[in-house]
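See below for input.pdb, which holds PDB, C-alpha atoms.
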```
ATOM      1  CA  MET A   1     261.077 199.700 138.833
ATOM      2  CA  PHE A   2     263.244 201.444 136.213
ATOM      3  CA  PRO A   3     266.271 202.772 138.113
ATOM      4  CA  SER A   4     268.441 203.324 135.040
ATOM      5  CA  LEU A   5     265.803 205.410 133.246
ATOM      6  CA  SER A   6     266.674 209.065 133.755
ATOM      7  CA  VAL A   7     264.084 211.819 134.041
ATOM      8  CA  THR A   8     263.987 213.375 130.575
ATOM      9  CA  GLN A   9     261.371 214.174 127.959
ATOM     10  CA  GLU A  10     262.118 210.869 126.275
ATOM     11  CA  SER A  11     261.758 208.947 129.546
ATOM     12  CA  SER A  12     258.316 210.451 130.192
ATOM     13  CA  GLU A  13     257.184 209.111 126.804
ATOM     14  CA  VAL A  14     258.609 205.706 127.678
ATOM     15  CA  MET A  15     256.887 205.782 131.050
ATOM     16  CA  LYS A  16     253.580 206.708 129.363
ATOM     17  CA  PHE A  17     253.973 203.714 127.042
ATOM     18  CA  VAL A  18     254.821 201.411 129.969
ATOM     19  CA  VAL A  19     251.802 202.600 131.979
ATOM     20  CA  GLU A  20     249.494 202.046 128.986
ATOM     21  CA  HIS A  21     250.927 198.581 128.456
ATOM     22  CA  LEU A  22     250.573 197.610 132.127
ATOM     23  CA  THR A  23     247.002 198.923 132.206
ATOM     24  CA  ALA A  24     246.111 196.806 129.167
ATOM     25  CA  LEU A  25     247.819 193.824 130.796
ATOM     26  CA  GLU A  26     245.811 194.312 133.984
ATOM     27  CA  GLU A  27     242.578 194.398 131.984
ATOM     28  CA  SER A  28     243.495 191.219 130.132
ATOM     29  CA  LEU A  29     244.347 189.510 133.424
ATOM     30  CA  ASP A  30     240.884 190.388 134.707
ATOM     31  CA  LYS A  31     239.442 188.903 131.515
ATOM     32  CA  TYR A  32     241.364 185.614 131.737
ATOM     33  CA  PHE A  33     241.366 185.253 135.529
ATOM     34  CA  PRO A  34     238.114 186.874 136.726
ATOM     35  CA  ASP A  35     237.823 184.921 139.979
ATOM     36  CA  LEU A  36     241.375 185.445 141.167
ATOM     37  CA  ASP A  37     241.122 186.185 144.889
ATOM     38  CA  ILE A  38     244.343 187.767 146.079
ATOM     39  CA  SER A  39     242.998 188.666 149.517
ATOM     40  CA  GLU A  40     244.371 185.370 150.839
ATOM     41  CA  TYR A  41     247.871 186.796 150.209
ATOM     42  CA  ASP A  42     247.326 190.057 152.096
ATOM     43  CA  TRP A  43     249.460 188.712 154.934
ATOM     44  CA  ILE A  44     252.472 188.838 152.587
ATOM     45  CA  ASN A  45     251.884 192.495 151.687
ATOM     46  CA  ASP A  46     251.362 193.504 155.313
ATOM     47  CA  PRO A  47     252.289 190.845 157.856
ATOM     48  CA  PHE A  48     251.696 193.323 160.707
ATOM     49  CA  ASP A  49     247.995 193.868 159.954
ATOM     50  CA  LYS A  50     246.238 191.926 162.709
ATOM     51  CA  ASN A  51     242.842 192.188 160.967
ATOM     52  CA  ILE A  52     243.895 189.832 158.189
ATOM     53  CA  SER A  53     242.373 186.387 158.644
ATOM     54  CA  LEU A  54     244.665 183.426 158.274
ATOM     55  CA  THR A  55     243.162 180.480 156.468
ATOM     56  CA  GLU A  56     244.865 177.204 155.719
ATOM     57  CA  PHE A  57     247.850 177.939 157.967
ATOM     58  CA  SER A  58     249.454 175.314 160.126
ATOM     59  CA  LEU A  59     249.749 175.976 163.845
ATOM     60  CA  GLU A  60     253.519 176.534 163.470
ATOM     61  CA  GLU A  61     252.978 179.083 160.694
ATOM     62  CA  GLU A  62     250.392 180.953 162.766
ATOM     63  CA  GLU A  63     252.793 181.012 165.732
ATOM     64  CA  GLU A  64     255.632 182.319 163.581
ATOM     65  CA  LEU A  65     253.412 185.038 162.112
ATOM     66  CA  ALA A  66     252.335 186.022 165.638
ATOM     67  CA  GLU A  67     256.011 186.281 166.635
ATOM     68  CA  ILE A  68     256.707 188.450 163.577
ATOM     69  CA  ARG A  69     253.759 190.744 164.372
ATOM     70  CA  ASN A  70     255.096 191.334 167.891
ATOM     71  CA  ASN A  71     258.715 191.956 166.874
ATOM     72  CA  ARG A  72     259.577 195.681 166.729
ATOM     73  CA  THR A  73     262.883 195.019 164.947
ATOM     74  CA  LEU A  74     261.091 193.232 162.121
ATOM     75  CA  LEU A  75     258.504 196.024 161.952
ATOM     76  CA  SER A  76     261.320 198.515 161.447
ATOM     77  CA  LYS A  77     262.900 196.277 158.806
ATOM     78  CA  TYR A  78     259.516 195.929 157.057
ATOM     79  CA  LYS A  79     259.151 199.708 156.827
ATOM     80  CA  ASN A  80     262.658 200.257 155.428
ATOM     81  CA  VAL A  81     263.179 197.516 152.834
ATOM     82  CA  PRO A  82     261.212 196.094 149.879
ATOM     83  CA  GLY A  83     258.799 193.260 150.647
ATOM     84  CA  SER A  84     260.853 190.548 148.988
ATOM     85  CA  GLU A  85     263.971 191.561 150.929
ATOM     86  CA  PHE A  86     261.939 191.586 154.149
ATOM     87  CA  TRP A  87     260.732 188.015 153.594
ATOM     88  CA  ILE A  88     264.236 186.818 152.751
ATOM     89  CA  HIS A  89     265.372 188.237 156.087
ATOM     90  CA  VAL A  90     262.382 186.708 157.933
ATOM     91  CA  GLU A  91     262.988 183.287 156.389
ATOM     92  CA  LYS A  92     266.293 183.040 158.265
ATOM     93  CA  SER A  93     264.602 183.203 161.673
ATOM     94  CA  HIS A  94     261.052 182.017 160.899
ATOM     95  CA  ASP A  95     261.603 179.364 158.275
ATOM     96  CA  LYS A  96     258.060 177.984 157.851
ATOM     97  CA  ILE A  97     256.221 181.267 157.258
ATOM     98  CA  GLY A  98     259.209 182.756 155.406
ATOM     99  CA  LYS A  99     259.385 179.834 152.984
ATOM    100  CA  ARG A 100     255.653 180.026 152.369
ATOM    101  CA  ALA A 101     255.838 183.746 151.536
ATOM    102  CA  LEU A 102     258.888 183.307 149.313
ATOM    103  CA  GLN A 103     257.279 180.427 147.397
ATOM    104  CA  ILE A 104     254.375 182.702 146.534
ATOM    105  CA  LEU A 105     256.593 185.667 145.663
ATOM    106  CA  LEU A 106     259.193 183.741 143.670
ATOM    107  CA  GLN A 107     256.879 182.041 141.233
ATOM    108  CA  PHE A 108     256.428 185.308 139.358
ATOM    109  CA  SER A 109     260.071 186.287 139.150
ATOM    110  CA  THR A 110     261.202 182.805 138.150
ATOM    111  CA  SER A 111     258.708 182.623 135.292
ATOM    112  CA  TYR A 112     259.952 186.021 134.153
ATOM    113  CA  LEU A 113     263.562 184.803 134.187
ATOM    114  CA  CYS A 114     262.601 181.699 132.197
ATOM    115  CA  GLU A 115     260.850 183.845 129.601
ATOM    116  CA  GLN A 116     263.852 186.155 129.422
ATOM    117  CA  GLY A 117     266.195 183.200 128.900
ATOM    118  CA  PHE A 118     263.981 181.704 126.210
ATOM    119  CA  SER A 119     263.756 185.038 124.362
ATOM    120  CA  THR A 120     267.535 185.363 124.504
ATOM    121  CA  LEU A 121     267.980 181.877 123.076
ATOM    122  CA  VAL A 122     265.539 182.648 120.245
ATOM    123  CA  ASN A 123     267.484 185.831 119.434
ATOM    124  CA  ILE A 124     270.824 184.017 119.441
ATOM    125  CA  LYS A 125     269.657 181.042 117.415
ATOM    126  CA  THR A 126     268.766 182.181 113.921
ATOM    127  CA  ASN A 127     268.807 180.410 110.552
ATOM    128  CA  LYS A 128     272.215 181.926 109.850
ATOM    129  CA  ARG A 129     273.592 180.708 113.177
ATOM    130  CA  MET A 130     272.418 177.132 113.446
ATOM    131  CA  LYS A 131     275.767 175.942 114.790
ATOM    132  CA  MET A 132     275.384 176.046 118.557
ATOM    133  CA  GLU A 133     278.940 175.524 119.810
ATOM    134  CA  PHE A 134     279.142 178.307 122.389
ATOM    135  CA  ILE A 135     275.501 178.729 123.347
ATOM    136  CA  VAL A 136     276.081 178.536 127.117
ATOM    137  CA  GLU A 137     278.755 181.238 127.003
ATOM    138  CA  GLU A 138     276.678 183.472 124.710
ATOM    139  CA  MET A 139     273.600 183.165 126.902
ATOM    140  CA  ARG A 140     275.660 183.899 130.005
ATOM    141  CA  VAL A 141     276.897 187.125 128.406
ATOM    142  CA  CYS A 142     273.427 188.110 127.164
ATOM    143  CA  LEU A 143     271.659 187.396 130.466
ATOM    144  CA  SER A 144     274.308 188.869 132.752
ATOM    145  CA  THR A 145     273.460 191.986 134.718
ATOM    146  CA  ILE A 146     277.136 192.941 134.764
ATOM    147  CA  ARG A 147     278.000 195.359 131.991
ATOM    148  CA  SER A 148     281.016 194.370 129.936
ATOM    149  CA  GLN A 149     283.973 196.743 129.783
ATOM    150  CA  ILE A 150     284.330 196.828 125.984
ATOM    151  CA  LYS A 151     286.889 199.675 125.973
ATOM    152  CA  ASP A 152     289.135 197.882 128.476
ATOM    153  CA  LEU A 153     288.838 194.616 126.551
ATOM    154  CA  CYS A 154     289.740 196.347 123.269
ATOM    155  CA  LYS A 155     292.810 197.958 124.871
ATOM    156  CA  LYS A 156     294.071 194.548 125.961
TER
END
```

Could you show the structure in this file as structure tokens?
Amino acid sequence: MFPSLSVTQESSEVMKFVVEHLTALEESLDKYFPDLDISEYDWINDPFDKNISLTEFSLEEEEELAEIRNNRTLLSKYKNVPGSEFWIHVEKSHDKIGKRALQILLQFSTSYLCEQGFSTLVNIKTNKRMKMEFIVEEMRVCLSTIRSQIKDLCKK
């Protein structure tokens, strides 16, 4: 989950902090959502497990999942790519079950992106910078995953 974090003494301390934080978060989730039953989403984690019961599925969704379970190419894809990438691929050929899986998976990432955008806006907008002329451009730069080439820009 942290591909740009190199393996150093400092990174092991960071990883220890992250693990402690995630453990505390998991405990607080159990406190606030004690009856959260995630077993109904097991089919997303392993669509090839035939022991998983399917509740509240339409006939078309059950048929598509049966087709997925019997497709060796998709099994190979499932073993070699992350789950989200697998479901994006599946959605192209099995749209009903793929859309259902992606709707469940995407709600977490989209809320994260909203929180990230809001935090960025709060950091940009301060009492000293109340004038919001270029907010869209500033947020685009702050939220971009593309690193700016400061040295090249300064040369120009």

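Residues within 10 Å of segment 81-89 of chain A, counting only C-alpha atoms and excluding same-chain residues fewer than 2 positions away, are Ile44, Asn45, Asp46, Pro47, Leu74, Leu75, Ser76, Lys77, Tyr78, Lys79, Glu91, Lys92, Ser93, His94, Asp95, Ile97, Gly98, Lys99, Arg100, Ala101, Leu102, Leu105 and Leu106 of chain A.
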
In Å to one decimal, how far is atom CA of Ser148 of chain A from atom CA of Val136 of chain A?
-> 16.8 Å

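Pairwise distance (atom CA of Asn123 of chain A, atom CA of Tyr32 of chain A) equals 28.9 Å.
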
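Take atom CA of Asn80 of chain A and atom CA of Ile52 of chain A: the distance between them is 21.6 Å.
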
From the list A:Ile38, A:Ile104, A:Cys142, A:Ile150, which residue is nearest Val122 of chain A when using all atoms listed in the file?
-> A:Cys142

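Residues selected in this file by the PyMOL selection byres ((chain A and resi 60) around 12) comprise Glu56, Phe57, Ser58, Leu59, Glu61, Glu62, Glu63, Glu64, Leu65, Ala66, Glu67, His94, Asp95, Lys96, Ile97, Gly98 and Arg100 of chain A.
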
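Compared by their closest atoms to Glu40 of chain A, and using all atoms listed in the file, the residues A:Ser28, A:Asn70, A:Thr120, A:Thr55 rank with A:Thr55 nearest.
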
Each side padded by 3 Å, which centre and which edge lengths in Å (one decimal) define the axis-aligned box around the listed atoms of segment 27-43 of chain A? Give them as AutoDock Vina command-line options.
```
--center_x 243.6 --center_y 189.7 --center_z 142.5 --size_x 17.6 --size_y 15.5 --size_z 30.8
```
